[in-house]
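S.K.: Here it is: the structure, laid out below.
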There are 2 protein chains.
Amino acid sequence: MNRTTPSSYPVAGYPDRVTVYEVGPRDGLQNEAALVPTEVKAELVARLLAAGLPVVEATSFVHPRWVPQLADAEDLLRTLDGMDLHHADRRDLPVLVPNERGLDRALELGCRHVAIFGSATETFAQRNLNRGLEDQFTMFEPVVARARQQGLDVRAYVSMCFGDPWEGAVPVEQVVRVGTRLLDLGAGQLSLGDTIGVGTAGHVRALVRAFTEAGVPLDRLALHFHDTYGQALANAEAALGEGVTTFDASAGGLGGCPYAHSATGNLATEDLVWMLHGLGIETGVDLDALVATSTWLAGRLGRPSPSAVVRALG
Amino acid sequence: MNRTTPSSYPVAGYPDRVTVYEVGPRDGLQNEAALVPTEVKAELVARLLAAGLPVVEATSFVHPRWVPQLADAEDLLRTLDGMDLHHADRRDLPVLVPNERGLDRALELGCRHVAIFGSATETFAQRNLNRGLEDQFTMFEPVVARARQQGLDVRAYVSMCFGDPWEGAVPVEQVVRVGTRLLDLGAGQLSLGDTIGVGTAGHVRALVRAFTEAGVPLDRLALHFHDTYGQALANAEAALGEGVTTFDASAGGLGGCPYAHSATGNLATEDLVWMLHGLGIETGVDLDALVATSTWLAGRLGRPSPSAVVRALG
């Protein structure tokens, strides 16, 4: 071990391999104040793939009125089509689709993986989707059915899985109910999000167990932690103890603010990978290449990276 | 649960109670650029005690040439003597003593708890103490013996327990050897420090187990994590899984830099307490009062708090 690589101390019962699901270009950039040029986004995606990240969520087909930062979704994918992504296929990069129109665009561009964005709480469903908790499934059903019919994989993000700003504590059973409905519709994997970052280690364990006790296999679950309350990595560690093998993270902590309270505060990929490698868990990620990528991007964004590891090594 | 209190989800086998050992006024302020006036330090200590922190390390009797921030050690303790600390006794506040002269000063002021500062590695011992790894015990022996003779408790900080900037990985056996020597000299508790913050969850477990397998009871161990690589809280969670019941933390993340890489980056007390309360673990701490204290101090220091919880709630 040295200052750039942790010593490896595996823990019995923890997974041998973990999939780091990189959300920086989509979830991260969606929450950055700066509008990032298409060519910078494309270089970011290419460099993340070159750094060994197995999945890089590229963009979202949400209406530019809502997320101007990702208005260049189609241009980005076409730009990537013109680049050498080495062993990666651009069509394998997941894209977020909020509705049928978004799915149309994804299909036109040959995307093989789409993600939908649902809610575990009534209030957030109303505010974010203009639907009730139950109505969201009505909205998603045709989208997922058509995607599956076209041979696409569908990931279902579930927001507010631990706490909700209006409703407070979110019952574990409610999250399981929403999640299993989405799996029944045809989603291949759930990304359970701690949107406001209030979750803690025991709550994480309880939620994961509730899903497995409901018959959901662990490989259908991903955890998406936010660091608003500093809990993200501790929560990931607890989830490893329950056998979770997919974790969402954002390169360099993209989307979080290095200076002040950030309601988003994604878990930084580098900080997660440092822990995983320290646990002897394989990720396929070249941490040095990842840190170099995030350092480059932080320079382009003109502000320090929120990631501790990037700040320590970059 | 709401945004100011986590839901409680205990984990079987975790401790029911944890001692949060508050190092903000000593380790935190020691690493802050700003020189904090004595009256502000005194108010900080008083407010931390009022917030329910069971142990607050007040200051250090190190030579002002090395740590000018704490040159007012005696004035601080005398100021505290003139204040109403409610149920707390000023003489119970631990103080760091680097040597015999420091111990003299602590005894003159009636301090009942002192802490010495040792090293798990040769290089850090040389650089920090001007002694070799073995020589440090020669230096500590008379200090500890006299302190014990006078009825004082002695805490022994051990630096570089996971990684060393010059030596790289630190063998677990070496840390156990140094730690048990310090306990044999008469130290009542070890505070095992991840000084450069490279430690990860499995390494923490391995180190704690090596101590317990060497016959050291868990109540003789405290863990002192730094967040330089974002690992501090995840490491604390792993240590809880091994039965550790004392964790050092710094109110508001004092001593860490909110803007850039910080070689110190103490674990923020609020972030730790949020996790502990979320695990249903008793600490005696009133988190709201603690957050208010750190918010006040951040204002006095003129920079945002490094603590995520303080930023979220303050």
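Naming works like this for the structure tokens: A, B, ... for the chains as they're shown, residue 1 at the start of each chain, ligands 1 onward in shown order.
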Could the residues of stretch 191-248 of chain A that have an atom at most 10 Å from stretch 273-276 of chain B be listed as JSON lines, each with its closest atom pair and the distance in Å to one decimal, counting only C-alpha atoms and ordered by chain and ascending residue number?

M.R.:
{"residue": "A:Val198", "atom": "CA", "partner": "B:Trp274", "partner_atom": "CA", "distance": 8.6}
{"residue": "A:Gly199", "atom": "CA", "partner": "B:Met275", "partner_atom": "CA", "distance": 8.4}
{"residue": "A:Thr200", "atom": "CA", "partner": "B:Met275", "partner_atom": "CA", "distance": 5.6}
{"residue": "A:Ala201", "atom": "CA", "partner": "B:Met275", "partner_atom": "CA", "distance": 7.1}
{"residue": "A:Gly202", "atom": "CA", "partner": "B:Met275", "partner_atom": "CA", "distance": 8.8}
{"residue": "A:Tyr229", "atom": "CA", "partner": "B:Trp274", "partner_atom": "CA", "distance": 7.8}
{"residue": "A:Gly230", "atom": "CA", "partner": "B:Trp274", "partner_atom": "CA", "distance": 8.8}
{"residue": "A:Gln231", "atom": "CA", "partner": "B:Met275", "partner_atom": "CA", "distance": 7.0}
{"residue": "A:Ala234", "atom": "CA", "partner": "B:Met275", "partner_atom": "CA", "distance": 8.5}
{"residue": "A:Asn235", "atom": "CA", "partner": "B:Met275", "partner_atom": "CA", "distance": 9.3}

S.K.: Store the residues picked out above in a file with N, CA and C atoms, as a compact mmCIF listing (two decimals), in the first residue's frame.

M.R.:
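Written output follows (again38.txt):
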# COMPACT_ATOMS: atom_id res chain seq x y z
N VAL A 198 -30.52 10.91 4.21
CA VAL A 198 -30.71 10.72 5.66
C VAL A 198 -30.51 9.28 6.13
N GLY A 199 -30.40 8.35 5.20
CA GLY A 199 -30.29 6.94 5.58
C GLY A 199 -29.03 6.64 6.34
N THR A 200 -29.12 5.64 7.22
CA THR A 200 -27.95 5.20 7.97
C THR A 200 -27.81 3.68 7.84
N ALA A 201 -26.71 3.17 8.36
CA ALA A 201 -26.28 1.80 8.07
C ALA A 201 -27.31 0.72 8.41
N GLY A 202 -27.96 0.87 9.55
CA GLY A 202 -28.94 -0.15 9.94
C GLY A 202 -30.17 -0.11 9.06
N TYR A 229 -25.67 14.01 4.34
CA TYR A 229 -25.43 13.90 5.77
C TYR A 229 -24.15 13.12 6.06
N GLY A 230 -23.28 12.98 5.04
CA GLY A 230 -22.00 12.31 5.25
C GLY A 230 -22.09 10.81 5.38
N GLN A 231 -23.24 10.21 5.06
CA GLN A 231 -23.46 8.79 5.34
C GLN A 231 -23.18 7.85 4.17
N ALA A 234 -20.44 4.93 4.38
CA ALA A 234 -20.77 4.03 5.49
C ALA A 234 -21.99 3.19 5.10
N ASN A 235 -22.93 3.80 4.40
CA ASN A 235 -24.11 3.06 3.94
C ASN A 235 -23.71 2.00 2.91

S.K.: Up to 7 Å from chain B, what residues of chain A turn up? Count only C-alpha atoms and give them as an MDAnalysis selection string.

M.R.: chainID A and resid 1:3 6:7 9:11 165 168:169 198 200:203 228:230 233:234 237 258:261 271 275 278:279 304 308:309 311:312

S.K.: Applying 10 Å and only C-alpha atoms, which residues near B:Glu122 remain after dropping the ones on its own chain fewer than 4 positions away? List them as an MDAnalysis selection string.

M.R.: chainID B and resid 126:128 131:136 160 164 166:167

S.K.: Excluding B:Asp248 and its own-chain neighbours fewer than 5 positions away, which residues fall within 8 Å of it when counting only C-alpha atoms? Please give them as a ChimeraX atom specification.

M.R.: /B:20-23,191,222-225,267

S.K.: How would you write, as a PyMOL selection string, the set of residues in stretch 54-290 of chain B that DSSP gives as strand (DSSP E)?

M.R.: chain B and resi 55-56+59-60+95-96+113-119+153-159+163-164+168-169+189-193+221-224+246-249

S.K.: Which residues, written as a ChimeraX atom specification, have at least one atom at most 9 Å from A:Val175, with only C-alpha atoms counted and residues fewer than 6 positions away on the same chain left out?

M.R.: /A:119-121,158,160-162,192,207,211

S.K.: Output all heavy atoms for every residue in that selection, as a compact mmCIF listing (two decimals), in the first residue's frame.

M.R.:
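File produced: part26.txt:
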# COMPACT_ATOMS: atom_id res chain seq x y z
N SER A 119 -40.73 6.92 -7.91
CA SER A 119 -40.72 7.45 -6.55
C SER A 119 -41.31 6.45 -5.56
O SER A 119 -42.29 5.77 -5.86
CB SER A 119 -41.55 8.74 -6.49
OG SER A 119 -41.71 9.16 -5.15
N ALA A 120 -40.71 6.39 -4.38
CA ALA A 120 -41.25 5.55 -3.31
C ALA A 120 -42.27 6.30 -2.46
O ALA A 120 -42.90 5.69 -1.59
CB ALA A 120 -40.12 5.03 -2.42
N THR A 121 -42.41 7.60 -2.70
CA THR A 121 -43.37 8.36 -1.89
C THR A 121 -44.37 9.10 -2.76
O THR A 121 -44.07 9.50 -3.89
CB THR A 121 -42.68 9.38 -0.97
OG1 THR A 121 -42.01 10.35 -1.76
CG2 THR A 121 -41.71 8.70 -0.02
N VAL A 158 -35.56 4.42 -8.06
CA VAL A 158 -36.61 4.68 -7.09
C VAL A 158 -36.08 5.74 -6.14
O VAL A 158 -35.07 5.53 -5.46
CB VAL A 158 -37.00 3.42 -6.29
CG1 VAL A 158 -38.23 3.69 -5.42
CG2 VAL A 158 -37.26 2.23 -7.22
N MET A 160 -36.33 8.55 -2.91
CA MET A 160 -36.90 8.68 -1.56
C MET A 160 -37.09 7.33 -0.86
O MET A 160 -38.13 7.09 -0.23
CB MET A 160 -38.24 9.43 -1.61
CG MET A 160 -38.15 10.81 -2.24
SD MET A 160 -37.02 11.94 -1.30
CE MET A 160 -37.10 13.38 -2.40
N CYS A 161 -36.09 6.48 -0.96
CA CYS A 161 -36.23 5.14 -0.37
C CYS A 161 -35.97 5.09 1.14
O CYS A 161 -36.20 4.07 1.77
CB CYS A 161 -35.29 4.16 -1.06
SG CYS A 161 -35.78 3.80 -2.76
N PHE A 162 -35.46 6.17 1.71
CA PHE A 162 -35.15 6.17 3.15
C PHE A 162 -35.91 7.26 3.87
O PHE A 162 -36.54 7.02 4.89
CB PHE A 162 -33.64 6.32 3.35
CG PHE A 162 -32.86 5.15 2.85
CD1 PHE A 162 -32.46 5.07 1.52
CD2 PHE A 162 -32.54 4.10 3.69
CE1 PHE A 162 -31.77 3.96 1.04
CE2 PHE A 162 -31.84 2.98 3.23
CZ PHE A 162 -31.46 2.92 1.90
N LEU A 192 -32.07 1.89 -5.79
CA LEU A 192 -32.77 2.43 -4.62
C LEU A 192 -32.01 3.65 -4.13
O LEU A 192 -30.86 3.53 -3.68
CB LEU A 192 -32.84 1.37 -3.52
CG LEU A 192 -33.44 0.03 -3.95
CD1 LEU A 192 -33.31 -0.99 -2.81
CD2 LEU A 192 -34.90 0.20 -4.35
N LEU A 207 -33.54 -2.40 4.76
CA LEU A 207 -34.21 -2.27 3.46
C LEU A 207 -33.78 -3.39 2.51
O LEU A 207 -34.61 -4.01 1.84
CB LEU A 207 -33.90 -0.90 2.85
CG LEU A 207 -34.57 -0.63 1.50
CD1 LEU A 207 -36.10 -0.65 1.65
CD2 LEU A 207 -34.11 0.72 0.93
N PHE A 211 -36.15 -6.57 0.86
CA PHE A 211 -36.26 -6.97 -0.54
C PHE A 211 -35.93 -8.46 -0.72
O PHE A 211 -36.64 -9.18 -1.41
CB PHE A 211 -35.33 -6.13 -1.43
CG PHE A 211 -35.98 -4.88 -1.94
CD1 PHE A 211 -35.77 -3.66 -1.30
CD2 PHE A 211 -36.81 -4.92 -3.05
CE1 PHE A 211 -36.38 -2.50 -1.77
CE2 PHE A 211 -37.42 -3.77 -3.53
CZ PHE A 211 -37.21 -2.55 -2.89
